[in-house]
Amino acid sequence: MPAEHPREQSTTRKTALPAPARWFLLGLAVLSLVLGIAGIFLPVLPTVPFLLLAAWAAGHSSPRLSRWLESHPRFGSQIRDWRRAGVVGRRAKWSATVVMGASAIATVLLLRNHWAALAIVAVMACVLAWLWLRPEQAATH
């Protein structure tokens with residue numbers, strides 16, 4: 001039997017987490033899902049990272065929520081691609097770039113503390129660099 005890819009540890013994984021840890025992860029999954037959905041409408045919240053965090057936390061706490069996320073018609077394929085091969089599609093990368101760019105401009109213009117604005121923009125730049133280094137399709141063997 002082939003070894004499972006590290007990102008493919010979804011609902012099939014059997015871990016005996018204590019109940020408080022499962023509840024914490026379930027709460028994190030729900031909160032991340034809410035923030036990810038809000039990110040669809042609010043330019044300052046990134047959607048994909050919150051959905052990936054929700055999928056990870058649900059995969060460790062709620063098989064039912066994890067299955068629902070993976071089968072969702074809008075973002076299920078992104079979650080499956082990420083779990084299978086660390087793939088982030090080009091469209092998601094460009095969307096994140098545009099939204100983070102707009103957020104960076106708004107941050108610089110609206111935040112009075114220029115050092116804080118610079119720190120926020122630097123973090124966004126690091127996230128974008130990491131994001132653009134992710135593969136856009138699964139490697140074929």
# chains A, B, ... in the order shown; residues from 1 in each chain; ligands from 1
call {"tool": "closest_atom_pairs", "arguments": {"of": "range 62-131 of chain A", "to": "range 19-31 of chain A", "cutoff": "10 Å", "atoms": "only C-alpha atoms", "output": "Markdown table"}}
result
| residue | atom | partner | partner_atom | distance |
| --- | --- | --- | --- | --- |
| A:Ser62 | CA | A:Leu26 | CA | 6.6 |
| A:Leu65 | CA | A:Ala29 | CA | 8.6 |
| A:Ser66 | CA | A:Ala29 | CA | 9.2 |
call {"tool": "select_by_dssp", "arguments": {"residues": "range 10-140 of chain A", "states": "helix (DSSP H, G or I)", "output": "PyMOL selection string"}}
result
chain A and resi 19-41+47-61+63-71+76-85+90-110+114-133
call {"tool": "atom_distance", "arguments": {"atom1": "CA of Phe75 in chain A", "atom2": "CA of Val99 in chain A"}}
result
17.7 Å
call {"tool": "closest_residue", "arguments": {"among": "A:Ile79, A:Ser103, A:Ala85, A:Val98", "to": "Leu45 in chain A", "atoms": "only C-alpha atoms"}}
result
A:Ser103
call {"tool": "closest_residue", "arguments": {"among": "A:Ile37, A:Val48, A:Leu42, A:Val87", "to": "Val127 in chain A", "atoms": "only C-alpha atoms"}}
result
A:Val48
call {"tool": "atom_distance", "arguments": {"atom1": "CA of Val88 in chain A", "atom2": "CA of His60 in chain A"}}
result
21.6 Å
call {"tool": "residues_around", "arguments": {"residues": "Glu136 in chain A", "least_positions_apart": "3", "cutoff": "12 Å", "atoms": "only C-alpha atoms", "output": "number ranges by chain"}}
result
A: 78, 81-82, 85-94, 131-133, 139
call {"tool": "write_last_selection", "arguments": {"atoms": "C-alpha atoms", "output": "PDB file, in the first residue's frame"}}
result
ATOM      1  CA  GLN A  78      -9.399  23.719  -3.834  1.00  0.00           C
ATOM      2  CA  ASP A  81      -6.114  19.862  -4.482  1.00  0.00           C
ATOM      3  CA  TRP A  82      -4.309  21.340  -1.488  1.00  0.00           C
ATOM      4  CA  ALA A  85      -0.493  17.928  -3.657  1.00  0.00           C
ATOM      5  CA  GLY A  86      -0.223  21.383  -2.050  1.00  0.00           C
ATOM      6  CA  VAL A  87      -1.757  22.891  -5.182  1.00  0.00           C
ATOM      7  CA  VAL A  88      -3.116  26.438  -5.315  1.00  0.00           C
ATOM      8  CA  GLY A  89      -4.673  27.372  -8.655  1.00  0.00           C
ATOM      9  CA  ARG A  90      -3.554  30.383 -10.650  1.00  0.00           C
ATOM     10  CA  ARG A  91      -6.977  32.035 -10.341  1.00  0.00           C
ATOM     11  CA  ALA A  92      -6.809  31.819  -6.540  1.00  0.00           C
ATOM     12  CA  LYS A  93      -3.271  33.233  -6.621  1.00  0.00           C
ATOM     13  CA  TRP A  94      -4.320  36.183  -8.772  1.00  0.00           C
ATOM     14  CA  LEU A 131       1.548  31.503  -2.263  1.00  0.00           C
ATOM     15  CA  TRP A 132       3.135  32.045  -5.689  1.00  0.00           C
ATOM     16  CA  LEU A 133       5.732  29.363  -4.897  1.00  0.00           C
ATOM     17  CA  ALA A 139       2.975  16.787 -10.479  1.00  0.00           C
TER      18      ALA A 139
END
call {"tool": "residues_around", "arguments": {"residues": "Arg80 in chain A", "least_positions_apart": "6", "cutoff": "12 Å", "atoms": "only C-alpha atoms", "output": "compact mmCIF listing (two decimals) with N, CA, C and O atoms, in the first residue's frame"}}
result
# COMPACT_ATOMS: atom_id res chain seq x y z
N ARG A 7 -0.43 15.80 3.25
CA ARG A 7 -1.59 16.67 3.21
C ARG A 7 -2.89 15.89 3.04
O ARG A 7 -3.96 16.45 3.13
N GLU A 8 -2.81 14.59 2.76
CA GLU A 8 -4.00 13.80 2.53
C GLU A 8 -4.55 13.19 3.82
O GLU A 8 -5.32 12.25 3.77
N GLN A 9 -4.19 13.71 4.92
CA GLN A 9 -4.66 13.17 6.19
C GLN A 9 -6.00 13.81 6.51
O GLN A 9 -6.10 14.73 7.29
N SER A 10 -7.04 13.32 5.90
CA SER A 10 -8.34 13.91 6.09
C SER A 10 -9.18 13.04 7.00
O SER A 10 -8.72 12.57 8.01
N THR A 11 -10.40 12.82 6.60
CA THR A 11 -11.33 12.13 7.47
C THR A 11 -11.01 10.65 7.66
O THR A 11 -11.57 10.03 8.55
N LEU A 51 -10.17 28.94 4.66
CA LEU A 51 -10.85 27.69 4.28
C LEU A 51 -9.92 26.49 4.44
O LEU A 51 -10.35 25.42 4.87
N LEU A 52 -8.65 26.68 4.10
CA LEU A 52 -7.69 25.58 4.29
C LEU A 52 -7.50 25.26 5.77
O LEU A 52 -7.41 24.09 6.16
N ALA A 55 -10.52 23.38 6.87
CA ALA A 55 -10.47 21.99 6.41
C ALA A 55 -9.51 21.16 7.26
O ALA A 55 -9.81 20.01 7.61
N TRP A 56 -8.36 21.75 7.60
CA TRP A 56 -7.39 21.02 8.43
C TRP A 56 -7.99 20.72 9.81
O TRP A 56 -7.94 19.59 10.29
N GLY A 59 -10.71 18.20 9.64
CA GLY A 59 -10.17 16.87 9.39
C GLY A 59 -9.68 16.18 10.64
O GLY A 59 -9.58 14.96 10.69
N SER A 66 -15.67 17.90 7.68
CA SER A 66 -14.59 17.71 6.71
C SER A 66 -15.15 17.21 5.37
O SER A 66 -14.77 17.72 4.31
N ARG A 67 -16.04 16.24 5.41
CA ARG A 67 -16.66 15.74 4.17
C ARG A 67 -17.46 16.83 3.48
O ARG A 67 -17.44 16.96 2.26
N TRP A 68 -18.18 17.63 4.27
CA TRP A 68 -18.98 18.71 3.69
C TRP A 68 -18.08 19.73 2.99
O TRP A 68 -18.37 20.17 1.87
N LEU A 69 -16.97 20.08 3.64
CA LEU A 69 -16.04 21.04 3.03
C LEU A 69 -15.44 20.48 1.73
O LEU A 69 -15.36 21.18 0.72
N GLU A 70 -15.02 19.22 1.77
CA GLU A 70 -14.40 18.61 0.59
C GLU A 70 -15.38 18.43 -0.57
O GLU A 70 -14.98 18.40 -1.72
N SER A 71 -16.65 18.28 -0.27
CA SER A 71 -17.64 18.07 -1.33
C SER A 71 -18.36 19.37 -1.72
O SER A 71 -19.22 19.34 -2.61
N HIS A 72 -18.01 20.48 -1.11
CA HIS A 72 -18.66 21.75 -1.42
C HIS A 72 -18.41 22.12 -2.88
O HIS A 72 -17.28 22.04 -3.37
N PRO A 73 -19.44 22.55 -3.61
CA PRO A 73 -19.26 22.85 -5.02
C PRO A 73 -18.36 24.05 -5.31
O PRO A 73 -17.71 24.10 -6.35
N ARG A 74 -18.27 25.00 -4.40
CA ARG A 74 -17.47 26.22 -4.67
C ARG A 74 -16.01 26.06 -4.30
O ARG A 74 -15.13 26.44 -5.04
N GLY A 86 -0.66 20.03 -2.38
CA GLY A 86 -0.22 21.38 -2.05
C GLY A 86 -0.47 22.37 -3.18
O GLY A 86 0.23 23.37 -3.30
N VAL A 87 -1.47 22.09 -4.00
CA VAL A 87 -1.76 22.89 -5.18
C VAL A 87 -2.65 24.07 -4.84
O VAL A 87 -3.65 23.93 -4.13
N VAL A 88 -2.27 25.25 -5.37
CA VAL A 88 -3.12 26.44 -5.32
C VAL A 88 -3.23 26.93 -6.75
O VAL A 88 -2.22 27.24 -7.40
N GLY A 89 -4.46 26.99 -7.26
CA GLY A 89 -4.67 27.37 -8.66
C GLY A 89 -4.28 28.81 -8.96
O GLY A 89 -4.24 29.67 -8.07
N GLN A 137 -0.55 22.89 -10.33
CA GLN A 137 -1.16 21.61 -10.67
C GLN A 137 -0.34 20.50 -10.05
O GLN A 137 0.83 20.70 -9.75
N ALA A 138 -0.98 19.38 -9.84
CA ALA A 138 -0.29 18.25 -9.25
C ALA A 138 0.77 17.72 -10.21
O ALA A 138 0.56 17.70 -11.42
call {"tool": "closest_residue", "arguments": {"among": "A:Ala16, A:Ala38, A:Ala102, A:Leu33", "to": "Ala54 in chain A", "atoms": "only C-alpha atoms"}}
result
A:Leu33
